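To keep things clear, I will list the structure first and then write my remarks on it.
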Amino acid sequence: MLSEKNLIRVREGNRKPVLDEGECIFYWIRANRRLAWNHSLDYSIHLAKKFKKPLVIFESVMMDFEWSSPRLHQFLLEGICDTSADAEKSGFVYWPFVETKEHSLSEIIPNILEKASIVITDDFPCFFLPEHAEKLAERLNCKLLLVDSNSITPLASYEKSFGYARVLRPKLHDRFVESYVCRSNPKPNSKGIPNSNTLKKPNFLFSGKKEDISSYLQRMSSKFPEILPVPGRLGGRKESLKLFKKFLKEGLPFYSEERSEPRPPERIKSSYLSPYLHFGMISVEEIVTSVLESDPKITWSPDILNHSYRGKNEGFFHPSPNINSFLDELLTWRELGYLLFYKDPSFRKDLSILPNWARLSLEAHRGDKREYIYTKEEFEKALTHDPIWNAAQKELVLTGTIQNYLRMLWGKKVIEWSPSPEEAFRTLEDLNHKYAYDGRDPNSYTGILWCFGAFDRPWSPERAVFGNIRYMSSDSTSKKFKLKPYLEYIRSLEGMSELPFFK
Ligand SMILES: Cc1cc2nc3c(=O)[nH]c(=O)nc-3n(C[C@H](O)[C@H](O)[C@H](O)COP(=O)(O)OP(=O)(O)OC[C@H]3O[C@@H](n4cnc5c(N)ncnc54)[C@H](O)[C@@H]3O)c2cc1C
């Protein structure tokens, strides 16, 4: 049953009619690349039953999007294979399409869309997706509906976005119980949806079989063909669930104390889930549910919430500090970024969103002498004087991921060693999006802009280049953590690298 409370997640993309003569309800997966725990699918099922029409689930992978590479393409295609298997199991009509040099999306999509009574799609507020949704809304003859399944609380329930985690946190806590009760369906199925026998399957669909991935990759073009998939890093829902299970057992019990430690991956205590969250292969709602139920000593229900900790980053969700600390990252910090974009959807956010104090600080120190200055190419090739920074950059390039604490240091140092804040921003955006599996996300921008003072407060003493923006140094990082095993791990990766510039 669809909860009325979830209607707040649905917004109209255009003012066009529901077409009676349309043959189907059409759900276009553009961001929530999964069937389970997906409000967009739940709403599509509801409409299919209401209008007594078959439901088609269509998923596309575009080829030449900004920062596209075989690394990202393969991750997406692996995701499609999992969704394809899930659709078959639960009896859904699922049409995956992967763009190749022979067949573009614009070639096949007009015929498919003609059949629709209503088109439903995911309301992802960042990167090329808002503009894509606008164009789709114009092009369609029928109604377009966008559904927000980005997090656990509906983003439309907030009146605005917030500049500080401490301001969002109490509001998120206030919405938590209702949102928790109205979570999406963990096991959607096609029971009760009218038969789709009369629908003609379009040509050139992707088989959804793993063995066809490499031939597709060869037929796809991309902006960065040299950025190859990372060996052993799999995309898709199955892999996300496997990693999550491992995290529940080996990471979560140590999260609050050890999450920040840069270590080799087998000893890392954070979840590694950000790429899967970014591509919607796993949902925030299912993570929250399992995390809250993970302590065998406590049967969790909303009664366990401790309202005397409303607005605090500890104590609210659960007696366990690890669970609270993890949920504060997954909910408060993640939602801060999604809200920023949802309230003003756009491709990117830049330095113009900084609070006044940070902008003034950067301006006052614009002319300061930089001890080191590097070009984007020197940063990219990890050619700085600083071995810790170089190691973080190599981790990013070689593994598509970058450990959270070092990611902050990585961003801060690019500001310190660039000729201007604007150039530092461009370098960070480009390197993050080009190499990181989780890039091109609202939290890419909140993370990068945090380095410039967004969502933070002024710090003393005032320093060269940074002014009052929080400063981080490699020296204090190496005093805070035992970095030797991490640095050795990075050196071992370099030996295996196929990229000539790290040899
Ligand atoms: C310069 C810079 C760039 C960043 N770029 C990205 C990016 O491109 N994509 C991205 O998802 N995150 C980005 N972050 C935020 C953060 O680094 C990652 O979300 C986190 O490291 C992901 O690792 P994990 O999945 O193991 O996190 P966990 O610690 O296991 O956390 C679980 C989830 O909570 C969310 N989360 C955790 N920390 C943060 C945070 N600080 N801000 C927002 N959400 C958070 C993520 O969705 C994450 O997957 C960036 C941070 C900085 C400083």
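Order determines the names: the first chain of the structure tokens is A, the second B, and so forth; residues in each chain are numbered 1 upward, and ligands are numbered 1 upward as they are shown.
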Write down as a PDB file with N, CA and C atoms, in the first residue's frame the residues of stretch 30-195 of chain A whose backbone DSSP state falls under helix (DSSP H, G or I).
```pdb
ATOM      1  N   HIS A  39      11.037   4.449  -3.850  1.00  0.00           N
ATOM      2  CA  HIS A  39       9.741   5.140  -3.884  1.00  0.00           C
ATOM      3  C   HIS A  39       9.265   5.390  -5.308  1.00  0.00           C
ATOM      4  N   SER A  40      10.192   5.592  -6.246  1.00  0.00           N
ATOM      5  CA  SER A  40       9.762   5.843  -7.635  1.00  0.00           C
ATOM      6  C   SER A  40       9.044   4.604  -8.177  1.00  0.00           C
ATOM      7  N   LEU A  41       9.603   3.436  -7.894  1.00  0.00           N
ATOM      8  CA  LEU A  41       8.959   2.221  -8.375  1.00  0.00           C
ATOM      9  C   LEU A  41       7.635   1.987  -7.646  1.00  0.00           C
ATOM     10  N   ASP A  42       7.622   2.210  -6.343  1.00  0.00           N
ATOM     11  CA  ASP A  42       6.373   2.017  -5.583  1.00  0.00           C
ATOM     12  C   ASP A  42       5.256   2.873  -6.184  1.00  0.00           C
ATOM     13  N   TYR A  43       5.612   4.118  -6.508  1.00  0.00           N
ATOM     14  CA  TYR A  43       4.574   5.009  -7.045  1.00  0.00           C
ATOM     15  C   TYR A  43       4.170   4.570  -8.462  1.00  0.00           C
ATOM     16  N   SER A  44       5.120   4.084  -9.225  1.00  0.00           N
ATOM     17  CA  SER A  44       4.811   3.609 -10.582  1.00  0.00           C
ATOM     18  C   SER A  44       3.861   2.403 -10.516  1.00  0.00           C
ATOM     19  N   ILE A  45       4.111   1.510  -9.569  1.00  0.00           N
ATOM     20  CA  ILE A  45       3.236   0.336  -9.405  1.00  0.00           C
ATOM     21  C   ILE A  45       1.822   0.803  -9.035  1.00  0.00           C
ATOM     22  N   HIS A  46       1.780   1.759  -8.132  1.00  0.00           N
ATOM     23  CA  HIS A  46       0.484   2.302  -7.711  1.00  0.00           C
ATOM     24  C   HIS A  46      -0.276   2.861  -8.925  1.00  0.00           C
ATOM     25  N   LEU A  47       0.431   3.600  -9.788  1.00  0.00           N
ATOM     26  CA  LEU A  47      -0.244   4.203 -10.950  1.00  0.00           C
ATOM     27  C   LEU A  47      -0.657   3.137 -11.972  1.00  0.00           C
ATOM     28  N   ALA A  48       0.177   2.122 -12.131  1.00  0.00           N
ATOM     29  CA  ALA A  48      -0.159   1.055 -13.079  1.00  0.00           C
ATOM     30  C   ALA A  48      -1.463   0.374 -12.653  1.00  0.00           C
ATOM     31  N   LYS A  49      -1.601   0.153 -11.367  1.00  0.00           N
ATOM     32  CA  LYS A  49      -2.826  -0.501 -10.876  1.00  0.00           C
ATOM     33  C   LYS A  49      -4.004   0.464 -10.990  1.00  0.00           C
ATOM     34  N   LYS A  50      -3.769   1.726 -10.636  1.00  0.00           N
ATOM     35  CA  LYS A  50      -4.853   2.707 -10.660  1.00  0.00           C
ATOM     36  C   LYS A  50      -5.392   2.895 -12.078  1.00  0.00           C
ATOM     37  N   PRO A  70      35.367   4.270 -19.074  1.00  0.00           N
ATOM     38  CA  PRO A  70      35.057   2.840 -18.928  1.00  0.00           C
ATOM     39  C   PRO A  70      34.885   2.441 -17.462  1.00  0.00           C
ATOM     40  N   ARG A  71      35.593   3.144 -16.557  1.00  0.00           N
ATOM     41  CA  ARG A  71      35.462   2.850 -15.117  1.00  0.00           C
ATOM     42  C   ARG A  71      34.002   3.025 -14.687  1.00  0.00           C
ATOM     43  N   LEU A  72      33.419   4.136 -15.054  1.00  0.00           N
ATOM     44  CA  LEU A  72      32.030   4.404 -14.635  1.00  0.00           C
ATOM     45  C   LEU A  72      31.057   3.560 -15.447  1.00  0.00           C
ATOM     46  N   HIS A  73      31.330   3.411 -16.746  1.00  0.00           N
ATOM     47  CA  HIS A  73      30.417   2.615 -17.579  1.00  0.00           C
ATOM     48  C   HIS A  73      30.305   1.177 -17.059  1.00  0.00           C
ATOM     49  N   GLN A  74      31.466   0.586 -16.755  1.00  0.00           N
ATOM     50  CA  GLN A  74      31.407  -0.817 -16.306  1.00  0.00           C
ATOM     51  C   GLN A  74      30.619  -0.948 -14.997  1.00  0.00           C
ATOM     52  N   PHE A  75      30.827  -0.015 -14.096  1.00  0.00           N
ATOM     53  CA  PHE A  75      30.125  -0.027 -12.805  1.00  0.00           C
ATOM     54  C   PHE A  75      28.606   0.009 -13.041  1.00  0.00           C
ATOM     55  N   LEU A  76      28.202   0.851 -13.998  1.00  0.00           N
ATOM     56  CA  LEU A  76      26.770   0.986 -14.302  1.00  0.00           C
ATOM     57  C   LEU A  76      26.221  -0.268 -14.974  1.00  0.00           C
ATOM     58  N   LEU A  77      26.992  -0.831 -15.888  1.00  0.00           N
ATOM     59  CA  LEU A  77      26.508  -2.034 -16.597  1.00  0.00           C
ATOM     60  C   LEU A  77      26.394  -3.229 -15.636  1.00  0.00           C
ATOM     61  N   GLU A  78      27.331  -3.309 -14.702  1.00  0.00           N
ATOM     62  CA  GLU A  78      27.224  -4.383 -13.698  1.00  0.00           C
ATOM     63  C   GLU A  78      25.953  -4.192 -12.876  1.00  0.00           C
ATOM     64  N   GLY A  79      25.614  -2.952 -12.626  1.00  0.00           N
ATOM     65  CA  GLY A  79      24.372  -2.656 -11.902  1.00  0.00           C
ATOM     66  C   GLY A  79      23.155  -3.128 -12.686  1.00  0.00           C
ATOM     67  N   ILE A  80      23.175  -2.881 -13.979  1.00  0.00           N
ATOM     68  CA  ILE A  80      22.038  -3.296 -14.813  1.00  0.00           C
ATOM     69  C   ILE A  80      21.862  -4.814 -14.786  1.00  0.00           C
ATOM     70  N   CYS A  81      22.980  -5.531 -14.783  1.00  0.00           N
ATOM     71  CA  CYS A  81      22.869  -7.006 -14.767  1.00  0.00           C
ATOM     72  C   CYS A  81      22.141  -7.459 -13.497  1.00  0.00           C
ATOM     73  N   ASP A  82      22.443  -6.840 -12.373  1.00  0.00           N
ATOM     74  CA  ASP A  82      21.760  -7.211 -11.126  1.00  0.00           C
ATOM     75  C   ASP A  82      20.274  -6.839 -11.178  1.00  0.00           C
ATOM     76  N   THR A  83      19.986  -5.649 -11.693  1.00  0.00           N
ATOM     77  CA  THR A  83      18.580  -5.222 -11.736  1.00  0.00           C
ATOM     78  C   THR A  83      17.796  -6.118 -12.697  1.00  0.00           C
ATOM     79  N   SER A  84      18.455  -6.500 -13.758  1.00  0.00           N
ATOM     80  CA  SER A  84      17.809  -7.374 -14.736  1.00  0.00           C
ATOM     81  C   SER A  84      17.405  -8.712 -14.078  1.00  0.00           C
ATOM     82  N   ALA A  85      18.338  -9.268 -13.306  1.00  0.00           N
ATOM     83  CA  ALA A  85      18.044 -10.537 -12.613  1.00  0.00           C
ATOM     84  C   ALA A  85      16.919 -10.325 -11.594  1.00  0.00           C
ATOM     85  N   ASP A  86      16.953  -9.207 -10.883  1.00  0.00           N
ATOM     86  CA  ASP A  86      15.911  -8.938  -9.877  1.00  0.00           C
ATOM     87  C   ASP A  86      14.547  -8.762 -10.550  1.00  0.00           C
ATOM     88  N   ALA A  87      14.531  -8.092 -11.711  1.00  0.00           N
ATOM     89  CA  ALA A  87      13.261  -7.857 -12.418  1.00  0.00           C
ATOM     90  C   ALA A  87      12.674  -9.191 -12.873  1.00  0.00           C
ATOM     91  N   GLU A  88      13.537 -10.054 -13.337  1.00  0.00           N
ATOM     92  CA  GLU A  88      13.056 -11.351 -13.808  1.00  0.00           C
ATOM     93  C   GLU A  88      12.437 -12.132 -12.643  1.00  0.00           C
ATOM     94  N   LYS A  89      13.117 -12.103 -11.504  1.00  0.00           N
ATOM     95  CA  LYS A  89      12.623 -12.830 -10.327  1.00  0.00           C
ATOM     96  C   LYS A  89      11.266 -12.301  -9.877  1.00  0.00           C
ATOM     97  N   SER A  90      11.100 -10.979  -9.923  1.00  0.00           N
ATOM     98  CA  SER A  90       9.856 -10.424  -9.370  1.00  0.00           C
ATOM     99  C   SER A  90       8.806 -10.140 -10.454  1.00  0.00           C
ATOM    100  N   LEU A 105      20.661   6.945 -27.449  1.00  0.00           N
ATOM    101  CA  LEU A 105      19.396   7.013 -26.712  1.00  0.00           C
ATOM    102  C   LEU A 105      18.359   7.814 -27.509  1.00  0.00           C
ATOM    103  N   SER A 106      18.826   8.903 -28.117  1.00  0.00           N
ATOM    104  CA  SER A 106      17.863   9.747 -28.845  1.00  0.00           C
ATOM    105  C   SER A 106      17.268   9.016 -30.055  1.00  0.00           C
ATOM    106  N   GLU A 107      17.946   7.978 -30.511  1.00  0.00           N
ATOM    107  CA  GLU A 107      17.400   7.209 -31.649  1.00  0.00           C
ATOM    108  C   GLU A 107      16.232   6.328 -31.190  1.00  0.00           C
ATOM    109  N   ILE A 108      16.371   5.708 -30.019  1.00  0.00           N
ATOM    110  CA  ILE A 108      15.324   4.744 -29.643  1.00  0.00           C
ATOM    111  C   ILE A 108      14.212   5.333 -28.770  1.00  0.00           C
ATOM    112  N   ILE A 109      14.541   6.433 -28.088  1.00  0.00           N
ATOM    113  CA  ILE A 109      13.608   6.863 -27.044  1.00  0.00           C
ATOM    114  C   ILE A 109      12.274   7.420 -27.569  1.00  0.00           C
ATOM    115  N   PRO A 110      12.240   8.160 -28.699  1.00  0.00           N
ATOM    116  CA  PRO A 110      10.937   8.715 -29.114  1.00  0.00           C
ATOM    117  C   PRO A 110       9.867   7.636 -29.305  1.00  0.00           C
ATOM    118  N   ASN A 111      10.244   6.528 -29.940  1.00  0.00           N
ATOM    119  CA  ASN A 111       9.252   5.453 -30.161  1.00  0.00           C
ATOM    120  C   ASN A 111       8.758   4.857 -28.862  1.00  0.00           C
ATOM    121  N   ILE A 112       9.682   4.721 -27.915  1.00  0.00           N
ATOM    122  CA  ILE A 112       9.297   4.109 -26.638  1.00  0.00           C
ATOM    123  C   ILE A 112       8.364   5.047 -25.875  1.00  0.00           C
ATOM    124  N   LEU A 113       8.725   6.318 -25.833  1.00  0.00           N
ATOM    125  CA  LEU A 113       7.941   7.249 -25.026  1.00  0.00           C
ATOM    126  C   LEU A 113       6.538   7.466 -25.581  1.00  0.00           C
ATOM    127  N   LEU A 129      21.299  15.576 -14.536  1.00  0.00           N
ATOM    128  CA  LEU A 129      19.938  15.022 -14.446  1.00  0.00           C
ATOM    129  C   LEU A 129      18.815  16.055 -14.346  1.00  0.00           C
ATOM    130  N   PRO A 130      18.984  17.174 -13.620  1.00  0.00           N
ATOM    131  CA  PRO A 130      17.887  18.157 -13.618  1.00  0.00           C
ATOM    132  C   PRO A 130      17.585  18.695 -15.025  1.00  0.00           C
ATOM    133  N   GLU A 131      18.631  19.000 -15.786  1.00  0.00           N
ATOM    134  CA  GLU A 131      18.411  19.538 -17.130  1.00  0.00           C
ATOM    135  C   GLU A 131      17.800  18.458 -18.039  1.00  0.00           C
ATOM    136  N   HIS A 132      18.249  17.243 -17.866  1.00  0.00           N
ATOM    137  CA  HIS A 132      17.704  16.138 -18.647  1.00  0.00           C
ATOM    138  C   HIS A 132      16.206  15.991 -18.378  1.00  0.00           C
ATOM    139  N   ALA A 133      15.828  16.114 -17.101  1.00  0.00           N
ATOM    140  CA  ALA A 133      14.407  15.984 -16.745  1.00  0.00           C
ATOM    141  C   ALA A 133      13.591  17.123 -17.364  1.00  0.00           C
ATOM    142  N   GLU A 134      14.189  18.312 -17.383  1.00  0.00           N
ATOM    143  CA  GLU A 134      13.461  19.454 -17.980  1.00  0.00           C
ATOM    144  C   GLU A 134      13.218  19.231 -19.472  1.00  0.00           C
ATOM    145  N   LYS A 135      14.250  18.747 -20.154  1.00  0.00           N
ATOM    146  CA  LYS A 135      14.107  18.496 -21.598  1.00  0.00           C
ATOM    147  C   LYS A 135      13.079  17.397 -21.846  1.00  0.00           C
ATOM    148  N   LEU A 136      13.132  16.383 -21.004  1.00  0.00           N
ATOM    149  CA  LEU A 136      12.179  15.276 -21.137  1.00  0.00           C
ATOM    150  C   LEU A 136      10.752  15.790 -20.958  1.00  0.00           C
ATOM    151  N   ALA A 137      10.575  16.644 -19.959  1.00  0.00           N
ATOM    152  CA  ALA A 137       9.239  17.193 -19.672  1.00  0.00           C
ATOM    153  C   ALA A 137       8.685  17.932 -20.894  1.00  0.00           C
ATOM    154  N   GLU A 138       9.553  18.664 -21.560  1.00  0.00           N
ATOM    155  CA  GLU A 138       9.110  19.418 -22.746  1.00  0.00           C
ATOM    156  C   GLU A 138       8.768  18.493 -23.894  1.00  0.00           C
ATOM    157  N   ARG A 139       9.634  17.482 -24.070  1.00  0.00           N
ATOM    158  CA  ARG A 139       9.496  16.625 -25.245  1.00  0.00           C
ATOM    159  C   ARG A 139       8.273  15.705 -25.162  1.00  0.00           C
ATOM    160  N   LEU A 155      12.664  15.219   0.835  1.00  0.00           N
ATOM    161  CA  LEU A 155      13.370  16.513   0.777  1.00  0.00           C
ATOM    162  C   LEU A 155      12.382  17.675   0.680  1.00  0.00           C
ATOM    163  N   ALA A 156      11.209  17.420   0.084  1.00  0.00           N
ATOM    164  CA  ALA A 156      10.218  18.496  -0.044  1.00  0.00           C
ATOM    165  C   ALA A 156       9.631  18.885   1.324  1.00  0.00           C
ATOM    166  N   SER A 157       9.840  18.046   2.334  1.00  0.00           N
ATOM    167  CA  SER A 157       9.243  18.370   3.639  1.00  0.00           C
ATOM    168  C   SER A 157      10.011  19.488   4.347  1.00  0.00           C
ATOM    169  N   ALA A 165      25.044  21.810   9.546  1.00  0.00           N
ATOM    170  CA  ALA A 165      24.486  20.518   9.971  1.00  0.00           C
ATOM    171  C   ALA A 165      23.662  20.696  11.245  1.00  0.00           C
ATOM    172  N   ARG A 166      24.134  21.569  12.144  1.00  0.00           N
ATOM    173  CA  ARG A 166      23.434  21.719  13.423  1.00  0.00           C
ATOM    174  C   ARG A 166      22.027  22.305  13.240  1.00  0.00           C
ATOM    175  N   VAL A 167      21.791  23.000  12.136  1.00  0.00           N
ATOM    176  CA  VAL A 167      20.447  23.553  11.904  1.00  0.00           C
ATOM    177  C   VAL A 167      19.535  22.484  11.282  1.00  0.00           C
ATOM    178  N   LEU A 168      20.100  21.690  10.384  1.00  0.00           N
ATOM    179  CA  LEU A 168      19.292  20.617   9.767  1.00  0.00           C
ATOM    180  C   LEU A 168      18.973  19.502  10.775  1.00  0.00           C
ATOM    181  N   ARG A 169      19.945  19.168  11.640  1.00  0.00           N
ATOM    182  CA  ARG A 169      19.835  17.968  12.487  1.00  0.00           C
ATOM    183  C   ARG A 169      18.521  17.882  13.279  1.00  0.00           C
ATOM    184  N   PRO A 170      18.113  18.923  14.039  1.00  0.00           N
ATOM    185  CA  PRO A 170      16.858  18.778  14.807  1.00  0.00           C
ATOM    186  C   PRO A 170      15.642  18.612  13.898  1.00  0.00           C
ATOM    187  N   LYS A 171      15.674  19.229  12.720  1.00  0.00           N
ATOM    188  CA  LYS A 171      14.532  19.117  11.801  1.00  0.00           C
ATOM    189  C   LYS A 171      14.456  17.699  11.240  1.00  0.00           C
ATOM    190  N   LEU A 172      15.617  17.136  10.958  1.00  0.00           N
ATOM    191  CA  LEU A 172      15.663  15.755  10.477  1.00  0.00           C
ATOM    192  C   LEU A 172      15.173  14.808  11.576  1.00  0.00           C
ATOM    193  N   HIS A 173      15.610  15.058  12.794  1.00  0.00           N
ATOM    194  CA  HIS A 173      15.156  14.212  13.907  1.00  0.00           C
ATOM    195  C   HIS A 173      13.631  14.303  14.053  1.00  0.00           C
ATOM    196  N   ASP A 174      13.070  15.492  13.882  1.00  0.00           N
ATOM    197  CA  ASP A 174      11.615  15.653  14.009  1.00  0.00           C
ATOM    198  C   ASP A 174      10.861  14.855  12.947  1.00  0.00           C
ATOM    199  N   ARG A 175      11.464  14.727  11.770  1.00  0.00           N
ATOM    200  CA  ARG A 175      10.782  14.025  10.669  1.00  0.00           C
ATOM    201  C   ARG A 175      11.047  12.524  10.663  1.00  0.00           C
ATOM    202  N   PHE A 176      11.943  12.079  11.529  1.00  0.00           N
ATOM    203  CA  PHE A 176      12.440  10.716  11.380  1.00  0.00           C
ATOM    204  C   PHE A 176      11.360   9.642  11.551  1.00  0.00           C
ATOM    205  N   VAL A 177      10.527   9.762  12.596  1.00  0.00           N
ATOM    206  CA  VAL A 177       9.580   8.669  12.889  1.00  0.00           C
ATOM    207  C   VAL A 177       8.614   8.490  11.718  1.00  0.00           C
ATOM    208  N   GLU A 178       8.028   9.597  11.275  1.00  0.00           N
ATOM    209  CA  GLU A 178       7.062   9.486  10.180  1.00  0.00           C
ATOM    210  C   GLU A 178       7.736   8.917   8.912  1.00  0.00           C
ATOM    211  N   SER A 179       8.945   9.382   8.637  1.00  0.00           N
ATOM    212  CA  SER A 179       9.650   8.899   7.443  1.00  0.00           C
ATOM    213  C   SER A 179       9.975   7.418   7.594  1.00  0.00           C
ATOM    214  N   TYR A 180      10.364   7.032   8.782  1.00  0.00           N
ATOM    215  CA  TYR A 180      10.714   5.625   9.023  1.00  0.00           C
ATOM    216  C   TYR A 180       9.494   4.730   8.798  1.00  0.00           C
ATOM    217  N   VAL A 181       8.364   5.174   9.312  1.00  0.00           N
ATOM    218  CA  VAL A 181       7.132   4.382   9.175  1.00  0.00           C
ATOM    219  C   VAL A 181       6.718   4.285   7.700  1.00  0.00           C
TER     220      VAL A 181
END
```
Backbone-only DSSP, strand (DSSP E or B) members of stretch 48-235 of chain A, as a PyMOL selection string: chain A and resi 55-61+93-98+116-122+143-147
Close residues to ligand 1 using only C-alpha atoms and all ligand atoms, limit 7 Å, as a VMD selection string: chain A and resid 259 270 to 275 277 to 278 326 329 to 331 333 to 334 337 402 to 404 407 to 408 410 to 411 432 to 433 436 438 to 441 443 to 448 450 to 451
Non-local contacts of A:Leu252 (8 Å; only C-alpha atoms; under 2 positions in same chain excluded) as a PyMOL selection string: chain A and resi 247-250+254-255+269-271+322-323+326
Go ahead and dump the residues you just picked, C-alpha atoms, as a tab-separated table (two decimals), in the first residue's frame.
```tsv
chain	number	residue	atom	x	y	z
A	247	PHE	CA	30.42	-3.33	7.24
A	248	LEU	CA	27.71	-4.31	9.75
A	249	LYS	CA	29.98	-6.99	11.15
A	250	GLU	CA	33.46	-5.52	10.83
A	254	PHE	CA	34.22	0.43	15.62
A	255	TYR	CA	32.84	3.28	13.51
A	269	LYS	CA	36.07	0.88	9.37
A	270	SER	CA	33.88	3.01	7.11
A	271	SER	CA	31.40	1.37	4.76
A	322	ASN	CA	28.72	3.80	16.66
A	323	ILE	CA	25.20	3.68	15.28
A	326	PHE	CA	27.19	6.46	11.35
```
Interatomic distance, atom CA of A:Tyr435 to atom CA of A:Ile287 (Å, one decimal):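 Taking atom CA of A:Tyr435 and atom CA of A:Ile287, their separation equals 25.4 Å.
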